[in-house]
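S.K.: run00.txt (compact mmCIF, C-alpha atoms) pasted underneath:
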```txt
# COMPACT_ATOMS: atom_id res chain seq x y z
CA MET A 1 11.49 6.57 20.51
CA SER A 2 12.70 5.92 16.96
CA ARG A 3 13.40 8.25 14.08
CA ILE A 4 11.51 6.87 11.10
CA LEU A 5 11.45 7.93 7.46
CA ILE A 6 8.19 7.38 5.57
CA THR A 7 8.32 7.85 1.82
CA GLY A 8 4.93 8.66 0.32
CA ALA A 9 3.82 10.28 3.58
CA ALA A 10 1.05 12.28 1.90
CA GLY A 11 -0.37 9.09 0.41
CA PHE A 12 -3.22 7.03 1.80
CA ILE A 13 -1.22 4.46 3.77
CA GLY A 14 1.66 6.83 4.57
CA PHE A 15 -0.69 9.38 6.14
CA HIS A 16 -2.34 6.84 8.43
CA LEU A 17 0.96 5.18 9.33
CA ALA A 18 2.61 8.49 10.21
CA GLY A 19 -0.30 9.35 12.50
CA ARG A 20 -0.05 6.05 14.36
CA LEU A 21 3.72 6.33 14.79
CA LEU A 22 3.36 9.87 16.12
CA ASP A 23 0.70 8.63 18.55
CA ARG A 24 3.22 6.26 20.10
CA GLY A 25 5.95 8.89 20.36
CA ASP A 26 8.18 8.23 17.35
CA GLN A 27 9.79 11.01 15.35
CA VAL A 28 8.59 10.86 11.75
CA VAL A 29 10.18 12.41 8.70
CA GLY A 30 7.89 12.29 5.70
CA ILE A 31 8.69 12.84 2.07
CA ASP A 32 6.38 12.94 -0.94
CA SER A 33 6.48 14.34 -4.47
CA LEU A 34 2.78 15.38 -4.32
CA ASN A 35 2.37 14.39 -7.96
CA ALA A 36 -0.90 14.80 -9.82
CA TYR A 37 -1.74 11.11 -10.35
CA TYR A 38 -4.83 11.87 -8.29
CA ASP A 39 -6.34 14.87 -6.48
CA VAL A 40 -3.41 16.84 -5.04
CA ARG A 41 -5.77 18.69 -2.71
CA LEU A 42 -6.53 15.41 -0.94
CA LYS A 43 -2.81 14.79 -0.47
CA GLU A 44 -2.29 18.32 0.81
CA ASP A 45 -5.15 17.97 3.29
CA ARG A 46 -3.68 14.74 4.64
CA LEU A 47 -0.30 16.42 4.93
CA SER A 48 -1.65 19.48 6.70
CA ARG A 49 -3.04 17.28 9.45
CA LEU A 50 0.36 15.68 9.99
CA GLN A 51 2.25 18.98 9.88
CA SER A 52 0.18 20.31 12.77
CA ARG A 53 1.61 17.61 15.04
CA ASP A 54 4.77 17.59 17.13
CA GLY A 55 7.39 15.12 15.99
CA PHE A 56 6.59 15.32 12.27
CA SER A 57 8.65 17.04 9.60
CA PHE A 58 8.19 17.02 5.84
CA GLN A 59 10.25 17.52 2.71
CA ARG A 60 8.90 17.59 -0.83
CA ILE A 61 11.17 15.08 -2.57
CA ASP A 62 10.69 12.69 -5.47
CA VAL A 63 12.30 9.34 -4.62
CA SER A 64 13.71 9.18 -8.17
CA ASP A 65 15.82 12.32 -7.46
CA ARG A 66 19.14 10.70 -6.62
CA ALA A 67 20.91 13.79 -5.28
CA ALA A 68 18.00 14.81 -3.05
CA MET A 69 17.69 11.28 -1.68
CA GLU A 70 21.40 11.04 -0.93
CA GLU A 71 21.25 14.33 0.99
CA LEU A 72 18.10 13.23 2.85
CA PHE A 73 19.70 10.02 4.08
CA ALA A 74 23.06 11.61 4.88
CA GLU A 75 21.39 14.14 7.18
CA GLY A 76 18.46 12.05 8.42
CA GLU A 77 19.99 9.56 10.87
CA PHE A 78 16.99 7.27 10.39
CA ASP A 79 16.59 4.19 12.55
CA ARG A 80 14.03 2.61 10.24
CA VAL A 81 12.59 3.36 6.82
CA VAL A 82 9.12 2.55 5.55
CA HIS A 83 9.08 2.95 1.78
CA LEU A 84 5.56 3.51 0.47
CA ALA A 85 6.18 6.00 -2.34
CA ALA A 86 5.45 4.47 -5.74
CA GLN A 87 3.58 5.03 -8.93
CA ALA A 88 0.40 3.11 -8.16
CA GLY A 89 -2.32 1.61 -10.30
CA VAL A 90 -2.48 -1.43 -12.53
CA ARG A 91 -4.46 0.20 -15.36
CA TYR A 92 -2.41 3.40 -15.49
CA SER A 93 0.72 1.32 -16.11
CA LEU A 94 -0.69 0.52 -19.56
CA GLU A 95 -0.77 4.24 -20.39
CA ASN A 96 2.39 5.60 -18.78
CA PRO A 97 4.98 2.85 -18.25
CA HIS A 98 7.91 5.25 -17.78
CA ALA A 99 6.36 6.66 -14.61
CA TYR A 100 6.63 3.17 -13.07
CA ILE A 101 10.25 2.73 -14.06
CA ASP A 102 11.24 6.13 -12.65
CA SER A 103 9.39 5.85 -9.35
CA ASN A 104 9.24 2.14 -8.63
CA LEU A 105 12.65 1.03 -9.88
CA VAL A 106 14.93 4.08 -9.90
CA GLY A 107 13.29 5.41 -6.73
CA PHE A 108 13.60 2.09 -4.95
CA THR A 109 17.28 1.89 -5.87
CA ASN A 110 17.81 5.29 -4.24
CA VAL A 111 16.07 4.08 -1.08
CA LEU A 112 18.16 0.91 -0.95
CA GLU A 113 21.36 2.85 -1.43
CA GLY A 114 20.36 5.34 1.25
CA CYS A 115 19.68 2.56 3.73
CA ARG A 116 22.89 0.72 2.82
CA HIS A 117 25.21 3.68 3.27
CA ASN A 118 23.59 5.18 6.36
CA ARG A 119 23.24 2.26 8.80
CA VAL A 120 19.45 1.95 8.66
CA ALA A 121 18.46 -0.92 10.94
CA HIS A 122 15.45 -2.12 8.93
CA LEU A 123 13.82 -1.27 5.60
CA VAL A 124 10.13 -2.09 5.22
CA TYR A 125 8.67 -1.53 1.75
CA ALA A 126 5.34 -1.83 0.01
CA SER A 127 4.90 -4.69 -2.39
CA SER A 128 1.49 -5.69 -3.75
CA SER A 129 -0.92 -8.57 -4.15
CA SER A 130 -0.59 -7.90 -7.89
CA VAL A 131 2.71 -9.83 -7.90
CA TYR A 132 0.67 -13.05 -7.88
CA GLY A 133 -0.25 -12.31 -11.48
CA SER A 134 -1.31 -15.43 -13.36
CA ASN A 135 -1.38 -17.56 -10.18
CA ARG A 136 -4.73 -19.25 -9.68
CA SER A 137 -3.95 -21.23 -6.53
CA VAL A 138 -5.80 -19.49 -3.70
CA PRO A 139 -5.31 -18.34 -1.08
CA PHE A 140 -2.17 -16.62 -2.37
CA SER A 141 0.80 -17.65 -0.24
CA VAL A 142 4.14 -15.89 0.16
CA HIS A 143 5.64 -19.34 -0.34
CA HIS A 144 4.23 -19.55 -3.88
CA ASN A 145 6.28 -18.73 -6.98
CA VAL A 146 5.36 -15.31 -8.42
CA ASP A 147 7.24 -15.19 -11.71
CA HIS A 148 4.29 -14.41 -13.99
CA PRO A 149 3.12 -10.80 -13.48
CA ILE A 150 0.40 -9.54 -15.84
CA SER A 151 0.98 -5.77 -15.52
CA LEU A 152 4.05 -3.56 -15.49
CA TYR A 153 3.03 -2.32 -12.05
CA ALA A 154 3.13 -5.90 -10.76
CA ALA A 155 6.47 -6.48 -12.46
CA THR A 156 8.01 -3.46 -10.73
CA LYS A 157 6.77 -4.69 -7.34
CA LYS A 158 8.22 -8.14 -7.94
CA ALA A 159 11.45 -6.43 -9.02
CA ASN A 160 11.48 -4.53 -5.71
CA GLU A 161 11.42 -7.82 -3.82
CA LEU A 162 14.32 -9.14 -5.88
CA MET A 163 16.31 -5.93 -5.42
CA ALA A 164 15.66 -5.98 -1.68
CA HIS A 165 16.88 -9.56 -1.43
CA THR A 166 20.07 -8.64 -3.25
CA TYR A 167 20.82 -5.87 -0.74
CA SER A 168 19.94 -8.15 2.17
CA HIS A 169 22.35 -10.75 0.80
CA LEU A 170 25.24 -8.49 -0.24
CA PHE A 171 25.11 -5.85 2.49
CA LYS A 172 23.19 -7.59 5.31
CA LEU A 173 20.50 -4.92 5.14
CA PRO A 174 17.38 -6.28 6.87
CA THR A 175 14.42 -5.86 4.50
CA THR A 176 10.75 -6.77 4.80
CA GLY A 177 8.36 -6.60 1.85
CA LEU A 178 4.62 -6.30 2.49
CA ARG A 179 2.17 -7.45 -0.15
CA PHE A 180 -0.90 -5.27 0.45
CA PHE A 181 -4.32 -6.53 -0.60
CA THR A 182 -6.84 -3.90 -1.84
CA VAL A 183 -6.54 -1.30 0.89
CA TYR A 184 -9.59 0.88 1.62
CA GLY A 185 -10.90 3.28 4.25
CA PRO A 186 -11.14 6.98 5.16
CA TRP A 187 -8.77 9.30 3.28
CA GLY A 188 -8.45 6.59 0.61
CA ARG A 189 -7.32 6.86 -3.01
CA PRO A 190 -9.84 8.31 -5.50
CA ASP A 191 -8.80 5.81 -8.19
CA MET A 192 -9.92 2.81 -6.13
CA ALA A 193 -13.28 1.05 -6.58
CA LEU A 194 -14.86 2.01 -3.25
CA PHE A 195 -14.11 5.71 -3.80
CA LEU A 196 -15.21 5.66 -7.45
CA PHE A 197 -18.45 3.83 -6.67
CA THR A 198 -19.36 6.12 -3.76
CA GLU A 199 -18.63 9.26 -5.76
CA ALA A 200 -20.64 8.09 -8.77
CA ILE A 201 -23.66 6.85 -6.80
CA LEU A 202 -23.95 10.12 -4.88
CA ALA A 203 -23.69 12.05 -8.15
CA GLY A 204 -26.37 9.92 -9.80
CA ARG A 205 -23.97 8.48 -12.37
CA PRO A 206 -23.77 4.81 -13.38
CA ILE A 207 -20.88 2.76 -12.01
CA ASN A 208 -18.64 0.59 -14.18
CA VAL A 209 -18.70 -3.03 -12.99
CA PHE A 210 -15.89 -4.98 -14.62
CA ASN A 211 -15.97 -8.70 -15.44
CA ASN A 212 -19.75 -8.39 -15.08
CA GLY A 213 -19.26 -8.30 -11.31
CA GLN A 214 -17.72 -11.77 -11.21
CA MET A 215 -14.67 -10.70 -9.22
CA ARG A 216 -13.57 -11.23 -5.64
CA ARG A 217 -11.16 -9.00 -3.74
CA ASP A 218 -9.53 -9.36 -0.34
CA PHE A 219 -10.48 -5.84 0.77
CA THR A 220 -8.31 -4.82 3.75
CA TYR A 221 -9.20 -1.91 6.02
CA ILE A 222 -6.56 0.77 6.46
CA ASP A 223 -6.23 0.38 10.26
CA ASP A 224 -5.44 -3.30 9.78
CA ILE A 225 -2.84 -2.48 7.14
CA VAL A 226 -1.16 0.05 9.43
CA GLU A 227 -1.09 -2.36 12.36
CA GLY A 228 0.53 -4.97 10.13
CA VAL A 229 3.14 -2.49 8.90
CA ILE A 230 4.07 -1.43 12.42
CA ARG A 231 4.32 -5.00 13.69
CA ALA A 232 6.52 -5.96 10.73
CA MET A 233 8.65 -2.82 11.14
CA ASP A 234 9.26 -3.51 14.83
CA ARG A 235 10.29 -7.09 14.08
CA THR A 236 13.56 -6.66 12.20
CA ALA A 237 13.95 -9.16 9.36
CA SER A 238 16.33 -11.98 10.16
CA VAL A 239 17.93 -14.99 8.56
CA ASN A 240 15.83 -18.15 8.28
CA PRO A 241 18.15 -20.80 9.77
CA ASP A 242 16.18 -23.55 8.03
CA TRP A 243 16.33 -22.01 4.57
CA SER A 244 17.47 -24.44 1.89
CA ALA A 245 19.14 -23.57 -1.39
CA ILE A 246 17.95 -26.93 -2.71
CA ALA A 247 14.28 -26.16 -2.03
CA PRO A 248 14.31 -22.35 -1.62
CA ASP A 249 11.43 -20.63 0.16
CA PRO A 250 10.57 -17.38 -1.76
CA ALA A 251 9.39 -15.62 1.42
CA THR A 252 12.57 -16.06 3.49
CA SER A 253 16.29 -16.46 2.93
CA ASP A 254 19.69 -17.15 4.38
CA ALA A 255 19.90 -13.35 4.31
CA PRO A 256 17.91 -11.02 6.63
CA TYR A 257 14.91 -10.92 4.30
CA ARG A 258 11.16 -11.44 4.74
CA VAL A 259 7.99 -11.09 2.66
CA TYR A 260 4.46 -11.06 4.14
CA ASN A 261 0.91 -10.76 2.87
CA ILE A 262 -1.31 -8.25 4.63
CA GLY A 263 -4.88 -9.02 3.67
CA ASN A 264 -8.20 -9.58 5.35
CA ASN A 265 -8.13 -13.31 4.46
CA GLU A 266 -11.84 -13.03 3.53
CA PRO A 267 -12.42 -12.24 -0.18
CA VAL A 268 -15.57 -10.24 -0.94
CA GLU A 269 -17.56 -10.47 -4.15
CA LEU A 270 -17.63 -7.19 -6.05
CA MET A 271 -21.44 -7.20 -6.08
CA HIS A 272 -21.48 -7.56 -2.28
CA LEU A 273 -19.20 -4.52 -2.00
CA ILE A 274 -21.62 -2.56 -4.18
CA GLU A 275 -24.61 -3.71 -2.13
CA THR A 276 -22.82 -2.64 1.06
CA ILE A 277 -22.14 0.82 -0.38
CA GLU A 278 -25.77 1.12 -1.51
CA SER A 279 -26.94 0.19 1.99
CA CYS A 280 -24.66 2.77 3.65
CA LEU A 281 -25.72 5.51 1.21
CA GLY A 282 -29.39 4.57 1.05
CA ILE A 283 -29.17 4.83 -2.75
CA ALA A 284 -29.36 2.13 -5.42
CA ALA A 285 -26.58 2.17 -8.00
CA GLU A 286 -27.11 2.17 -11.74
CA LYS A 287 -24.65 -0.39 -13.09
CA THR A 288 -22.83 -0.63 -16.42
CA MET A 289 -21.60 -4.20 -16.80
CA LEU A 290 -18.24 -4.45 -18.59
CA PRO A 291 -15.69 -7.17 -19.41
CA MET A 292 -12.47 -7.77 -17.50
CA GLN A 293 -9.84 -5.08 -18.03
CA PRO A 294 -6.26 -5.94 -19.08
CA GLY A 295 -4.02 -6.51 -16.06
CA ASP A 296 -6.89 -7.41 -13.72
CA VAL A 297 -7.36 -10.80 -12.05
CA PRO A 298 -10.65 -12.49 -11.09
CA GLU A 299 -9.78 -13.08 -7.43
CA THR A 300 -7.34 -12.12 -4.70
CA HIS A 301 -7.16 -13.96 -1.39
CA ALA A 302 -4.34 -13.54 1.12
CA ASP A 303 -2.83 -16.40 3.08
CA ILE A 304 -1.69 -14.58 6.24
CA GLU A 305 -0.35 -17.54 8.19
CA SER A 306 3.24 -16.22 8.16
CA LEU A 307 2.18 -12.73 9.26
CA GLU A 308 0.12 -14.08 12.13
CA ARG A 309 2.80 -16.55 13.22
CA ASP A 310 5.63 -13.98 13.24
CA THR A 311 3.80 -10.86 14.46
CA GLY A 312 0.77 -12.21 16.31
CA PHE A 313 -1.55 -10.09 14.18
CA ARG A 314 -4.36 -10.80 11.73
CA PRO A 315 -6.76 -8.22 10.24
CA ARG A 316 -10.30 -8.35 11.63
CA THR A 317 -12.31 -5.42 10.22
CA SER A 318 -15.40 -6.58 8.30
CA ILE A 319 -16.32 -5.05 4.95
CA GLU A 320 -19.58 -3.76 6.47
CA ASP A 321 -17.80 -1.85 9.24
CA GLY A 322 -15.03 -0.60 6.97
CA VAL A 323 -17.32 0.68 4.22
CA ALA A 324 -19.56 2.42 6.75
CA ARG A 325 -16.54 4.28 8.17
CA PHE A 326 -15.41 5.26 4.69
CA VAL A 327 -18.84 6.57 3.69
CA ASP A 328 -19.09 8.62 6.89
CA TRP A 329 -15.67 10.15 6.19
CA TYR A 330 -16.47 10.79 2.51
CA ARG A 331 -19.66 12.68 3.28
CA GLU A 332 -18.02 14.78 5.99
CA TYR A 333 -14.86 15.55 4.01
CA TYR A 334 -16.53 16.55 0.76
CA ALA A 335 -19.27 18.48 2.52
CA GLY A 336 -16.50 20.46 4.21
CA ARG A 337 -14.75 21.08 0.91
CA GLN A 338 -18.01 22.32 -0.67
CA GLU A 339 -18.55 24.69 2.23
CA VAL A 340 -15.11 26.21 1.58
CA ILE A 341 -15.95 26.64 -2.12
CA ASP A 342 -19.33 28.22 -1.30
CA GLU A 343 -17.66 30.75 0.99
```
Can the structure from this file be put into structure tokens for me?
M.R.:
Amino acid sequence: MSRILITGAAGFIGFHLAGRLLDRGDQVVGIDSLNAYYDVRLKEDRLSRLQSRDGFSFQRIDVSDRAAMEELFAEGEFDRVVHLAAQAGVRYSLENPHAYIDSNLVGFTNVLEGCRHNRVAHLVYASSSSVYGSNRSVPFSVHHNVDHPISLYAATKKANELMAHTYSHLFKLPTTGLRFFTVYGPWGRPDMALFLFTEAILAGRPINVFNNGQMRRDFTYIDDIVEGVIRAMDRTASVNPDWSAIAPDPATSDAPYRVYNIGNNEPVELMHLIETIESCLGIAAEKTMLPMQPGDVPETHADIESLERDTGFRPRTSIEDGVARFVDWYREYYAGRQEVIDE
């Protein structure tokens, strides 16, 4: 049994990860700021399910609060830390850049410092497929250079990887960064395409289809993401004995540092996603075709060779199965919320 800190525990991935760790007998301490970036009620409902379980405790803390984070780590005695708290969203970073600096850079510094000074055995943190930015060589490999982000969100995630490497090098703190690819599933984020499309179609509203539908995304089901996180967490980052300073590998180091992609390795065309949602709902969508938005990329595709080699895991959930599970959850959850309102 380990004592594990999850930042962003009321978030989509944090909620599912905490549940899986509790299932296997770990003690989980969750923190979250419960900010209003999206529906706080959804976050509270996730949290209430975790708080009803033995082995879980929660504190409302913003990772950018230095004093609160120092106290948390000093008292926590954490074996491992999974850092998922962040200001998310590519498009929102165009509107509110300071939120990304506070949460994703200042907050990450506080996590690194907490791990450094309190003998944490392994820090696992969320990076993003967005770090690939202007790269057009697909599938995206962790061994590729990623020095050309096209959104501030992506830049902060790349900065997190650089900061983590510095702490791995200077203080021998084992760190593993996980580049998530378009995560979806039950209890998902309302700002993501699957959620927005389902909500709009059921309400009889048109859906916005960017780049005229000519986009491909490596949609990755939440259970696959969580399995990848746990496997990476249990495999403490180590030095790559073959690492060369002459031809440096960006995904490894002569420090205890690793970066992995977690993606389905099967990009899906946006129009196929929409067709799958329509099939699950039994309703045809009215579509508003729009150009590409700033900060978006035409395709994401994860090379997961390193993840599979080191952890023995590769995601396997098809888009048809994953969307069907999401739609079933969505209908049940929002029907339940309406019943509460009606009462």
S.K.: Counting all atoms listed in the file, which residues of region 105-126 of chain A fall within 12 Å of region 176-200 of chain A, and what is the closest atom pair for each with its distance in Å at one decimal, ordered by chain and rising number, as a Markdown table?
M.R.:
```
| residue | atom | partner | partner_atom | distance |
| --- | --- | --- | --- | --- |
| A:Ala121 | CA | A:Thr176 | CA | 11.5 |
| A:His122 | CA | A:Thr176 | CA | 7.8 |
| A:Leu123 | CA | A:Thr176 | CA | 6.3 |
| A:Val124 | CA | A:Thr176 | CA | 4.7 |
| A:Tyr125 | CA | A:Gly177 | CA | 5.1 |
| A:Ala126 | CA | A:Leu178 | CA | 5.2 |
```
S.K.: Within 9 Å of Asn264 (chain A), counting only C-alpha atoms, which residues show up once you throw out same-chain ones fewer than 5 positions away? Write them as a list in words, please.
M.R.: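 Using only C-alpha atoms, the neighbours found are Phe181, Asp218, Phe219, Thr220, Tyr221, Asp224, His301, Ala302, Asp303, Ile304, Arg314, Pro315, Arg316, Thr317 and Ser318 of chain A.
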S.K.: Near Leu105 (chain A), counting all atoms listed in the file, which residues have an atom at most 10 Å away, once you skip same-chain residues fewer than 6 positions from it, shown as a PDB file with C-alpha atoms, keeping the file's coordinate frame?
M.R.:
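Generated file (around.pdb):
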```pdb
ATOM      1  CA  VAL A  63      12.300   9.340  -4.620  1.00  0.00           C
ATOM      2  CA  SER A  64      13.710   9.180  -8.170  1.00  0.00           C
ATOM      3  CA  ALA A  86       5.450   4.470  -5.740  1.00  0.00           C
ATOM      4  CA  GLN A  87       3.580   5.030  -8.930  1.00  0.00           C
ATOM      5  CA  ALA A  99       6.360   6.660 -14.610  1.00  0.00           C
ATOM      6  CA  VAL A 111      16.070   4.080  -1.080  1.00  0.00           C
ATOM      7  CA  THR A 156       8.010  -3.460 -10.730  1.00  0.00           C
ATOM      8  CA  LYS A 157       6.770  -4.690  -7.340  1.00  0.00           C
ATOM      9  CA  ALA A 159      11.450  -6.430  -9.020  1.00  0.00           C
ATOM     10  CA  ASN A 160      11.480  -4.530  -5.710  1.00  0.00           C
ATOM     11  CA  MET A 163      16.310  -5.930  -5.420  1.00  0.00           C
TER      12      MET A 163
END
```
S.K.: Ranking A:Leu307, A:Asp23, A:Ser103, A:Pro149 by minimum distance to Ala85 (chain A) and counting all atoms listed in the file, which one comes first?
M.R.: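 The answer is A:Ser103, which sits nearest to Ala85 (chain A).
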S.K.: Could you check which of A:Gln293, A:Gln214, A:Ser238, A:Ser151 is closest to Val268 (chain A), using only C-alpha atoms?
M.R.: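 Smallest distance to Val268 (chain A) is found for A:Gln214.
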S.K.: Find the residues around region 9-12 of chain A up to 8 Å (all atoms listed in the file counted), leave out those fewer than 3 positions away in its own chain, and share them as a list of chain:residue names.
M.R.: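 Result of the neighbour search: A:Ile6, A:Phe15, A:His16, A:Ala18, A:Gly30, A:Ile31, A:Asp32, A:Leu34, A:Lys43, A:Glu44, A:Arg46, A:Leu47, A:Leu84, A:Ala85, A:Trp187, A:Gly188, A:Arg189.
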S.K.: Which one is closest to Gly263 (chain A): A:Asn96, A:Asn212, A:Thr276, A:Ser129? Count only C-alpha atoms.
M.R.: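 Of A:Asn96, A:Asn212, A:Thr276, A:Ser129, the one nearest Gly263 (chain A), counting only C-alpha atoms, is A:Ser129.
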S.K.: Out of A:Glu266, A:Lys172, A:Ala68, A:Val28, which residue has the shortest atom-to-atom distance to Gln51 (chain A) when counting only C-alpha atoms?
M.R.: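 Ranking A:Glu266, A:Lys172, A:Ala68, A:Val28 by distance to Gln51 (chain A), first place goes to A:Val28.
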S.K.: So how many Å separate CA of Gly204 (chain A) and CA of Ala284 (chain A), to one decimal?
M.R.: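 We find that CA of Gly204 (chain A) and CA of Ala284 (chain A) lie 9.4 Å from each other.
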S.K.: One decimal, in Å: what's the spacing between CA of Thr300 (chain A) and CA of Asn104 (chain A)?
M.R.: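 One can read the CA of Thr300 (chain A) to CA of Asn104 (chain A) distance as 22.2 Å.
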S.K.: What lies within 9 Å of region 69-74 of chain A using all atoms listed in the file, ignoring chain neighbours under 5 positions off, as a list in words?
M.R.: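 Using all atoms listed in the file, the neighbours found are Gln59, Ile61, Asp62, Val63, Ser64, Gly107, Asn110, Val111, Glu113, Gly114, Cys115, His117 and Asn118 of chain A.
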S.K.: Measuring atom to atom with all atoms listed in the file, identify which of A:Ile230, A:Cys280, A:Ala247, A:Leu94 is nearest to Phe313 (chain A).
M.R.: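 Closest to Phe313 (chain A) of all the choices is A:Ile230.
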S.K.: Pick out the closest residue to Ile277 (chain A) from this set: A:Gly312, A:Pro294, A:Pro256, A:Gly322. Count all atoms listed in the file.
M.R.: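 Selected residue with least distance to Ile277 (chain A): A:Gly322.
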S.K.: Excluding Gly213 (chain A) and any residue of its chain fewer than 5 positions from it, enumerate the residues within 10 Å of it, using all atoms listed in the file, and give them as an MDAnalysis selection string.
M.R.: chainID A and resid 208 269:272 274 287:292 298
S.K.: What does the distance between CA of Thr252 (chain A) and CA of Thr311 (chain A) come to in Å, to one decimal place?
M.R.: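 CA of Thr252 (chain A) sits 15.0 Å away from CA of Thr311 (chain A).
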S.K.: Can you put N, CA and C atoms back into region 298-311 of chain A and show it as a PDB file, keeping the file's coordinate frame?
M.R.:
```
ATOM      1  N   PRO A 298      -9.284 -12.245 -11.590  1.00  0.00           N
ATOM      2  CA  PRO A 298     -10.650 -12.490 -11.090  1.00  0.00           C
ATOM      3  C   PRO A 298     -10.768 -12.553  -9.581  1.00  0.00           C
ATOM      4  N   GLU A 299      -9.677 -12.907  -8.885  1.00  0.00           N
ATOM      5  CA  GLU A 299      -9.780 -13.080  -7.430  1.00  0.00           C
ATOM      6  C   GLU A 299      -8.443 -12.814  -6.761  1.00  0.00           C
ATOM      7  N   THR A 300      -8.497 -12.193  -5.591  1.00  0.00           N
ATOM      8  CA  THR A 300      -7.340 -12.120  -4.700  1.00  0.00           C
ATOM      9  C   THR A 300      -7.762 -12.637  -3.328  1.00  0.00           C
ATOM     10  N   HIS A 301      -6.868 -13.358  -2.694  1.00  0.00           N
ATOM     11  CA  HIS A 301      -7.160 -13.960  -1.390  1.00  0.00           C
ATOM     12  C   HIS A 301      -5.833 -14.191  -0.678  1.00  0.00           C
ATOM     13  N   ALA A 302      -5.630 -13.510   0.425  1.00  0.00           N
ATOM     14  CA  ALA A 302      -4.340 -13.540   1.120  1.00  0.00           C
ATOM     15  C   ALA A 302      -4.255 -14.670   2.136  1.00  0.00           C
ATOM     16  N   ASP A 303      -3.223 -15.470   2.015  1.00  0.00           N
ATOM     17  CA  ASP A 303      -2.830 -16.400   3.080  1.00  0.00           C
ATOM     18  C   ASP A 303      -1.961 -15.596   4.045  1.00  0.00           C
ATOM     19  N   ILE A 304      -2.413 -15.424   5.282  1.00  0.00           N
ATOM     20  CA  ILE A 304      -1.690 -14.580   6.240  1.00  0.00           C
ATOM     21  C   ILE A 304      -1.082 -15.392   7.381  1.00  0.00           C
ATOM     22  N   GLU A 305      -0.896 -16.672   7.146  1.00  0.00           N
ATOM     23  CA  GLU A 305      -0.350 -17.540   8.190  1.00  0.00           C
ATOM     24  C   GLU A 305       1.006 -17.049   8.680  1.00  0.00           C
ATOM     25  N   SER A 306       1.896 -16.670   7.759  1.00  0.00           N
ATOM     26  CA  SER A 306       3.240 -16.220   8.160  1.00  0.00           C
ATOM     27  C   SER A 306       3.180 -14.935   8.962  1.00  0.00           C
ATOM     28  N   LEU A 307       2.338 -14.003   8.534  1.00  0.00           N
ATOM     29  CA  LEU A 307       2.180 -12.730   9.260  1.00  0.00           C
ATOM     30  C   LEU A 307       1.697 -12.991  10.675  1.00  0.00           C
ATOM     31  N   GLU A 308       0.681 -13.815  10.800  1.00  0.00           N
ATOM     32  CA  GLU A 308       0.120 -14.080  12.130  1.00  0.00           C
ATOM     33  C   GLU A 308       1.121 -14.818  13.009  1.00  0.00           C
ATOM     34  N   ARG A 309       1.829 -15.772  12.440  1.00  0.00           N
ATOM     35  CA  ARG A 309       2.800 -16.550  13.220  1.00  0.00           C
ATOM     36  C   ARG A 309       3.931 -15.649  13.734  1.00  0.00           C
ATOM     37  N   ASP A 310       4.454 -14.771  12.877  1.00  0.00           N
ATOM     38  CA  ASP A 310       5.630 -13.980  13.240  1.00  0.00           C
ATOM     39  C   ASP A 310       5.317 -12.713  14.015  1.00  0.00           C
ATOM     40  N   THR A 311       4.122 -12.136  13.811  1.00  0.00           N
ATOM     41  CA  THR A 311       3.800 -10.860  14.460  1.00  0.00           C
ATOM     42  C   THR A 311       2.644 -10.955  15.439  1.00  0.00           C
TER      43      THR A 311
END
```
